[in-house]
Structure formats: C-alpha cells, structure tokens
Amino acid sequence: MKKVIVLLAALFLPLAALPAFAAQLRVFVSEMNAIGVPNKDEMKTTLQALLAARLNSDRIMAVGSAAEADAVVSGTYVVLGKVFSMDALARTSGGKTLTRAYIQGDSSEELIPAVGKLAEKLAAELDKIHPGQPAAGAPVAAVPVVAAAAPLAAPKSDIIKNEQVRVAPAGDFIKPKETEQGNTGGWLSKRLTGAANLVALGATLPDGSREVFLAEERRLSYYRQAGEMKLVADTEFRSSEKILSLDTIDGSKGLEIYVTIIRGDELASQVWQVQGDKLVKLAGDLPWFFRAFSLAGGPKKLYVQAMGRDADYFGDVFEATRSGNEIALKNPVKMPRFGTIYTFNQLRDQDGKTLTAVINPDGYLVVYDQEQKEFWRSNDKFGGSELYFQKEDTGVNARVSGEKYRWVFMNMRIQATAGGAILVGKNDGFWVLGNARSYKKGTVYCFSWNGSSLDEKWRTRDTQNYMPDYYFDEAKNELFILQTVQRSGITTRGASSLAIKKVE
C-alpha cells in the first residue's frame, strides 16, 4: 500500500509544479501619444490599432479595455524632421512598471515595420516577466479537495463579485442586472442580393407584411417582409451619385422616402414614394442632408441640414416640411461641438432638462447640457461606419496631408425612445487605418441617463458580420439589424441579411 501511495505522489508532483498562470497574457494597448505630426488624433488610434494587432499572438492576447487586462501598454510617437522615435511602456493593472522598449526610424515609410519590431521587443520582455507566474522555485500551494456544497444565494449588491456571476443566458440581449427579464427569439432573412448600407421601415400592410427599404451605394430597393423578404421594386442611380442616408416619414399623400444623395461635391437629394408596386420619384436635386427621426423620443419629424462650402455640415439643424421641390425650414436646433444631423439626438433628465448626446469624430459618446457644455463622456468608443463621401479639400489640411480630397465618414445614428432611453450602435474592426476601414462585428447598446452618466440597460450579442445600420421600431418593440454578409466588388454587388430581434 505504501508503494502505491508513493507512486501516486510521484505522478501528481509534476502536475502541482505547473505554473499557476498558463493562459495567454492579456494586454491592453492604450492610445499612443503623438508629437510632431499633423493629424494627432488619427495617428493616436492608428498606432494603437497597429501595435495591438502585432502584439496579438499565441502567448499574448490584445483586449479591448484596461479593466480586463493583465498588462497595459502606453507609448509616445515623436517625429523630428523625417526621423521618428517610438517608445512603449508596459505596466501592470496596478501601475507597476514591467518593461520598456523603443524603436526609431529615418522616414515615415519605415513606421509600420518599426511597429512590428517594437511589438517583438515588448513580447520578448513580457515573456520573461509574466504577471501572475510564480517565481522559479517558489512552492505552489496545494489545492484542497472539498465536498460539493449546496449553492448559496448571491446577496443583492451593487458590486457583483466573480463568485456571484451567473452563466449568461442564451438570449439575444445581455442585461447587466441581477434579475433579467426574458426575451424571445427573432427572425432572420435569407441572403439578400446587394451589400446594403442603410435600412428604413415603411407601413404595415393589411395582410400583415411590412414595407422595408434598403439602400446600397447607388440602388434603392423596396421589399415586403412577411415570412421572407420579397423584392418588389428597385431603382438604380447614376454612377456619379452616392446614397448617404435613407429615411421614411408619413406625408400628406402617404409614406415618403427621403434619399440623401451626393453628386460630385454637391448634394442632390431625392424624395420617392411607393405607388402600387413601383417606386415613383416625387422631387429631386434638393441641396439638403435629410433625416427623419424622433428628437428626444418625441413624434417623428423631418429634419435637414445644409452642406458648407468648406465645412462638411453647415449651420443649424432645422425641422422641415416639403411642398414639391420647395423645403420650408422652422424650429432650428443648435448643434453642440461635433454635432451634425447624423451624429446627435436628445434626451431628458429626471428634472425634464434637455441633454444632447453626440458621437464625436474620435468615436466617444458625449453628453452636453442645455448650455452646450460637455457634461459627460464615455470611456468606450461607439459608432463606426464604412460609408463615406469625399469632398475636395483646398484648405490647410490639403497642404498638410497632400491629398486633394478629404474622406467624410458617416456614422450610425443615435435613436431616442419615448421612455427616455437612447440606442447607439458600435462596430469593431480588424482593419481601421486612416481611410481604410473594414469592420467585422457590431452591437447595439441601450442607455438611460441616471442623473450623472449614461447607464447601460441592455445590449445585443455581437453580430457575426459588419453592421452598417439598425433601426428600433418602438411601437412593436422590435430591433432591425442589417448585416453585410459579403462586401461588394468589381464584379459583384455583395450580399446582406436582415435580422429582427424582439426586445422585452
């Protein structure tokens, strides 16, 4: 018997000597500081994405926030003339310095290879100093074997510790609350021809089917959705035109479809209507950005904004009415900093005061007070779209960048509900560098104002594809999510799918 015990001990000792930390090292790369470069904000996020991608390996996993990381990497990129230097510092989540690394180059053409070399240096040093790995020769505590006990009910608390975390339900919505209301499944269309960028809803017809409108870059398609999506009619625009937004609103003679179009450097928007099984144009060459939405959760109305000669968006956002090709303006809405017709919405606090939520150019969600002063800013980024238009750039930016045209990216819109919540979309990508964007998954978040910040109520599970647009039908409590399942190319229009999720 003694021999058997000794043999078993010999077998288990090597297992006990294994490192307690065998998983990948989780590293968060924060925005890099950029000095001596013209486009600082863009360069910060570009370097962050490049370094995070090159650190990712079988030993190191780049994560999306410092809260879930074992190590946090920060750095500085300095340009003096043509010469550049890049320094990186890795710390534990508690602030203890782990290691440093630097690289330098003689021209900007060497920047991307230099980031790769910097990542290799950091990875090699982090392998030597593995946070959480026991020091050589240090004894590993034995794991006591205990009898299984009945699970204890987790105490209700604002702080949920690891032992209180439940297994996530298999529903479509993840709610960060101890008590979660059930949600039912949804509906998913079959593959739809065309990589659509935009979705808008029409009327519910007597037979129970719904009108759904999808827009590709140069095509407007009209579907009826019942058991499946049935294409009823479509229309194609000129090769010189591009669709930037798609909206629907009830007019005096039925549903009207507002299509914001840019032709060259000028807006040439159009208004369409379904008549029988056909799409009929009601007005064209309108010099406005259009958007039909519920401001602060109120009734749905049509709003417009002008395009500036040098600015992408000019002046206030106006409530609008249309008569033929004439647009009448009223009730101007003053825009806070970075606010445009497509990046803002409003909500009300507990005292009834109006707050304005904006997705700024860096992707952060910012809330402004009634005096248009910044009130709160998110820690995470939101929005993200591959849809853009170009404008000729004759100003300072053109002389600095050397590019004749500037790229203006659209953003997913913020929706507000009658109950005071706002919905915000978020796309994450595997290639977002300068003007090159390719997103791989999307999520819709629902927030409410708690008096000091936006509090998450729920969010959808990540889509398996890029999410170019979404729409929340508050009357039916249904969320429409558009996905790109195949991007368009030279010889193909690509493909899309539409999902409907019930929110309860």
# chains A, B, ... in the order shown; residues from 1 in each chain; ligands from 1
$ residues_around --residues "Ala67 of chain A" --least-positions-apart "2" --cutoff "9 Å" --atoms "only C-alpha atoms" --output "ChimeraX atom specification"
/A:28,64-65,69-70,93
$ atom_distance --atom1 "atom CA of Glu68 of chain A" --atom2 "atom CA of Asn56 of chain A"
15.2 Å
$ residues_around --residues "segment 101-104 of chain A" --least-positions-apart "6" --cutoff "6 Å" --atoms "only C-alpha atoms" --output "list of chain:residue names"
A:Phe84, A:Ser85, A:Met86, A:Asp87, A:Ala88
$ write_last_selection --atoms "N, CA, C and O atoms" --output "PDB file, in the first residue's frame"
ATOM      1  N   PHE A  84      11.913  59.598 -36.734  1.00  0.00           N
ATOM      2  CA  PHE A  84      10.898  59.367 -35.718  1.00  0.00           C
ATOM      3  C   PHE A  84      11.425  58.391 -34.662  1.00  0.00           C
ATOM      4  O   PHE A  84      12.343  57.602 -34.908  1.00  0.00           O
ATOM      5  N   SER A  85      10.827  58.484 -33.489  1.00  0.00           N
ATOM      6  CA  SER A  85      11.137  57.571 -32.393  1.00  0.00           C
ATOM      7  C   SER A  85       9.824  57.131 -31.747  1.00  0.00           C
ATOM      8  O   SER A  85       8.897  57.931 -31.610  1.00  0.00           O
ATOM      9  N   MET A  86       9.750  55.861 -31.359  1.00  0.00           N
ATOM     10  CA  MET A  86       8.555  55.344 -30.703  1.00  0.00           C
ATOM     11  C   MET A  86       8.968  54.590 -29.445  1.00  0.00           C
ATOM     12  O   MET A  86       9.780  53.665 -29.499  1.00  0.00           O
ATOM     13  N   ASP A  87       8.420  55.020 -28.306  1.00  0.00           N
ATOM     14  CA  ASP A  87       8.715  54.393 -27.023  1.00  0.00           C
ATOM     15  C   ASP A  87       7.443  53.760 -26.475  1.00  0.00           C
ATOM     16  O   ASP A  87       6.346  54.308 -26.621  1.00  0.00           O
ATOM     17  N   ALA A  88       7.589  52.618 -25.831  1.00  0.00           N
ATOM     18  CA  ALA A  88       6.445  51.932 -25.236  1.00  0.00           C
ATOM     19  C   ALA A  88       6.778  51.510 -23.814  1.00  0.00           C
ATOM     20  O   ALA A  88       7.917  51.137 -23.505  1.00  0.00           O
TER      21      ALA A  88
END
$ residues_around --residues "segment 374-385 of chain A" --least-positions-apart "5" --cutoff "6 Å" --atoms "only C-alpha atoms" --output "list in words"
Gly363, Tyr364, Leu365, Val366, Val367, Tyr368, Asp369, Asn411, Met412, Gly425, Lys426 and Asn427 of chain A
$ write_last_selection --atoms "C-alpha atoms" --output "PDB file, in the first residue's frame"
ATOM      1  CA  GLY A 363     -15.973  57.785 -31.606  1.00  0.00           C
ATOM      2  CA  TYR A 364     -16.693  58.747 -27.987  1.00  0.00           C
ATOM      3  CA  LEU A 365     -20.269  59.302 -26.822  1.00  0.00           C
ATOM      4  CA  VAL A 366     -20.507  62.796 -25.319  1.00  0.00           C
ATOM      5  CA  VAL A 367     -23.451  64.300 -23.410  1.00  0.00           C
ATOM      6  CA  TYR A 368     -23.873  68.103 -23.390  1.00  0.00           C
ATOM      7  CA  ASP A 369     -26.018  70.180 -21.035  1.00  0.00           C
ATOM      8  CA  ASN A 411     -21.881  57.434 -38.520  1.00  0.00           C
ATOM      9  CA  MET A 412     -24.622  55.219 -37.166  1.00  0.00           C
ATOM     10  CA  GLY A 425     -24.594  51.234 -32.465  1.00  0.00           C
ATOM     11  CA  LYS A 426     -20.982  50.116 -32.254  1.00  0.00           C
ATOM     12  CA  ASN A 427     -18.817  48.340 -34.850  1.00  0.00           C
TER      13      ASN A 427
END
$ residues_around --residues "Ser438 of chain A" --least-positions-apart "4" --cutoff "12 Å" --atoms "only C-alpha atoms" --output "PyMOL selection string"
chain A and resi 384-387+427-434+442+465-468+484+486-487
$ residues_around --residues "segment 116-130 of chain A" --least-positions-apart "3" --cutoff "9 Å" --atoms "only C-alpha atoms" --output "ChimeraX atom specification"
/A:21,25,50-52,54-55,59-60,86-90,98-103,111-113,133-134
$ write_last_selection --atoms "N, CA and C atoms" --output "PDB file, in the first residue's frame"
ATOM      1  N   PHE A  21      -0.272  30.257 -13.919  1.00  0.00           N
ATOM      2  CA  PHE A  21      -0.787  31.131 -14.958  1.00  0.00           C
ATOM      3  C   PHE A  21      -0.383  30.556 -16.301  1.00  0.00           C
ATOM      4  N   LEU A  25      -1.331  35.927 -21.881  1.00  0.00           N
ATOM      5  CA  LEU A  25      -1.213  37.197 -21.166  1.00  0.00           C
ATOM      6  C   LEU A  25      -2.128  38.204 -21.851  1.00  0.00           C
ATOM      7  N   LEU A  50      -2.344  49.370 -34.693  1.00  0.00           N
ATOM      8  CA  LEU A  50      -1.207  48.650 -35.271  1.00  0.00           C
ATOM      9  C   LEU A  50      -0.462  47.842 -34.207  1.00  0.00           C
ATOM     10  N   LEU A  51      -0.162  48.483 -33.074  1.00  0.00           N
ATOM     11  CA  LEU A  51       0.608  47.804 -32.039  1.00  0.00           C
ATOM     12  C   LEU A  51      -0.190  46.665 -31.412  1.00  0.00           C
ATOM     13  N   ALA A  52      -1.492  46.885 -31.192  1.00  0.00           N
ATOM     14  CA  ALA A  52      -2.334  45.830 -30.618  1.00  0.00           C
ATOM     15  C   ALA A  52      -2.391  44.617 -31.546  1.00  0.00           C
ATOM     16  N   ARG A  54      -0.162  43.641 -33.724  1.00  0.00           N
ATOM     17  CA  ARG A  54       1.122  42.954 -33.826  1.00  0.00           C
ATOM     18  C   ARG A  54       1.545  42.286 -32.517  1.00  0.00           C
ATOM     19  N   LEU A  55       0.948  42.712 -31.407  1.00  0.00           N
ATOM     20  CA  LEU A  55       1.215  42.034 -30.135  1.00  0.00           C
ATOM     21  C   LEU A  55       0.410  40.744 -30.010  1.00  0.00           C
ATOM     22  N   ARG A  59       0.809  33.692 -27.369  1.00  0.00           N
ATOM     23  CA  ARG A  59       1.199  33.948 -25.974  1.00  0.00           C
ATOM     24  C   ARG A  59       0.541  35.195 -25.399  1.00  0.00           C
ATOM     25  N   ILE A  60       0.212  36.152 -26.269  1.00  0.00           N
ATOM     26  CA  ILE A  60      -0.346  37.427 -25.829  1.00  0.00           C
ATOM     27  C   ILE A  60      -1.671  37.664 -26.541  1.00  0.00           C
ATOM     28  N   MET A  86       9.750  55.861 -31.359  1.00  0.00           N
ATOM     29  CA  MET A  86       8.555  55.344 -30.703  1.00  0.00           C
ATOM     30  C   MET A  86       8.968  54.590 -29.445  1.00  0.00           C
ATOM     31  N   ASP A  87       8.420  55.020 -28.306  1.00  0.00           N
ATOM     32  CA  ASP A  87       8.715  54.393 -27.023  1.00  0.00           C
ATOM     33  C   ASP A  87       7.443  53.760 -26.475  1.00  0.00           C
ATOM     34  N   ALA A  88       7.589  52.618 -25.831  1.00  0.00           N
ATOM     35  CA  ALA A  88       6.445  51.932 -25.236  1.00  0.00           C
ATOM     36  C   ALA A  88       6.778  51.510 -23.814  1.00  0.00           C
ATOM     37  N   LEU A  89       5.791  51.595 -22.940  1.00  0.00           N
ATOM     38  CA  LEU A  89       5.942  51.249 -21.535  1.00  0.00           C
ATOM     39  C   LEU A  89       4.819  50.292 -21.150  1.00  0.00           C
ATOM     40  N   ALA A  90       5.181  49.168 -20.550  1.00  0.00           N
ATOM     41  CA  ALA A  90       4.194  48.182 -20.095  1.00  0.00           C
ATOM     42  C   ALA A  90       4.131  48.198 -18.575  1.00  0.00           C
ATOM     43  N   LEU A  98       6.571  47.126 -15.770  1.00  0.00           N
ATOM     44  CA  LEU A  98       7.079  45.800 -16.122  1.00  0.00           C
ATOM     45  C   LEU A  98       8.301  45.889 -17.024  1.00  0.00           C
ATOM     46  N   THR A  99       8.183  46.654 -18.112  1.00  0.00           N
ATOM     47  CA  THR A  99       9.297  46.756 -19.050  1.00  0.00           C
ATOM     48  C   THR A  99       9.096  47.945 -19.967  1.00  0.00           C
ATOM     49  N   ARG A 100      10.190  48.337 -20.638  1.00  0.00           N
ATOM     50  CA  ARG A 100      10.157  49.407 -21.622  1.00  0.00           C
ATOM     51  C   ARG A 100      10.798  48.915 -22.910  1.00  0.00           C
ATOM     52  N   ALA A 101      10.438  49.550 -24.025  1.00  0.00           N
ATOM     53  CA  ALA A 101      11.064  49.233 -25.310  1.00  0.00           C
ATOM     54  C   ALA A 101      10.943  50.454 -26.208  1.00  0.00           C
ATOM     55  N   TYR A 102      11.867  50.588 -27.147  1.00  0.00           N
ATOM     56  CA  TYR A 102      11.783  51.712 -28.084  1.00  0.00           C
ATOM     57  C   TYR A 102      12.343  51.294 -29.439  1.00  0.00           C
ATOM     58  N   ILE A 103      11.988  52.066 -30.444  1.00  0.00           N
ATOM     59  CA  ILE A 103      12.467  51.845 -31.805  1.00  0.00           C
ATOM     60  C   ILE A 103      12.525  53.198 -32.492  1.00  0.00           C
ATOM     61  N   LEU A 111       7.579  53.270 -40.716  1.00  0.00           N
ATOM     62  CA  LEU A 111       6.771  53.261 -39.498  1.00  0.00           C
ATOM     63  C   LEU A 111       6.132  51.892 -39.233  1.00  0.00           C
ATOM     64  N   ILE A 112       5.454  51.323 -40.227  1.00  0.00           N
ATOM     65  CA  ILE A 112       4.743  50.060 -39.994  1.00  0.00           C
ATOM     66  C   ILE A 112       5.712  48.922 -39.650  1.00  0.00           C
ATOM     67  N   PRO A 113       6.831  48.749 -40.395  1.00  0.00           N
ATOM     68  CA  PRO A 113       7.793  47.724 -39.956  1.00  0.00           C
ATOM     69  C   PRO A 113       8.343  47.995 -38.558  1.00  0.00           C
ATOM     70  N   GLN A 133       2.811  34.722 -12.885  1.00  0.00           N
ATOM     71  CA  GLN A 133       3.508  33.442 -12.924  1.00  0.00           C
ATOM     72  C   GLN A 133       4.403  33.331 -11.707  1.00  0.00           C
ATOM     73  N   PRO A 134       4.417  32.225 -10.993  1.00  0.00           N
ATOM     74  CA  PRO A 134       5.217  32.115  -9.791  1.00  0.00           C
ATOM     75  C   PRO A 134       6.704  32.156 -10.112  1.00  0.00           C
TER      76      PRO A 134
END
$ closest_atom_pairs --of "segment 315-430 of chain A" --to "segment 261-268 of chain A" --cutoff "10 Å" --atoms "only C-alpha atoms" --output "tab-separated table"
residue	atom	partner	partner_atom	distance
A:Phe389	CA	A:Ile262	CA	7.7
A:Gln390	CA	A:Asp265	CA	7.4
A:Lys391	CA	A:Asp265	CA	5.7
A:Glu392	CA	A:Asp265	CA	7.2
$ select_by_dssp --residues "segment 138-376 of chain A" --states "strand (DSSP E)" --output "ChimeraX atom specification"
/A:173-174,186-188,192-193,198-204,210-215,219-225,229-236,241-251,254-263,266-267,269-275,278-286,289-294,300-306,314-323,326-333,344-348,354-359,364-368,374-376
$ residues_around --residues "Leu80 of chain A" --least-positions-apart "5" --cutoff "10 Å" --atoms "only C-alpha atoms" --output "number ranges by chain"
A: 35-37, 85, 106
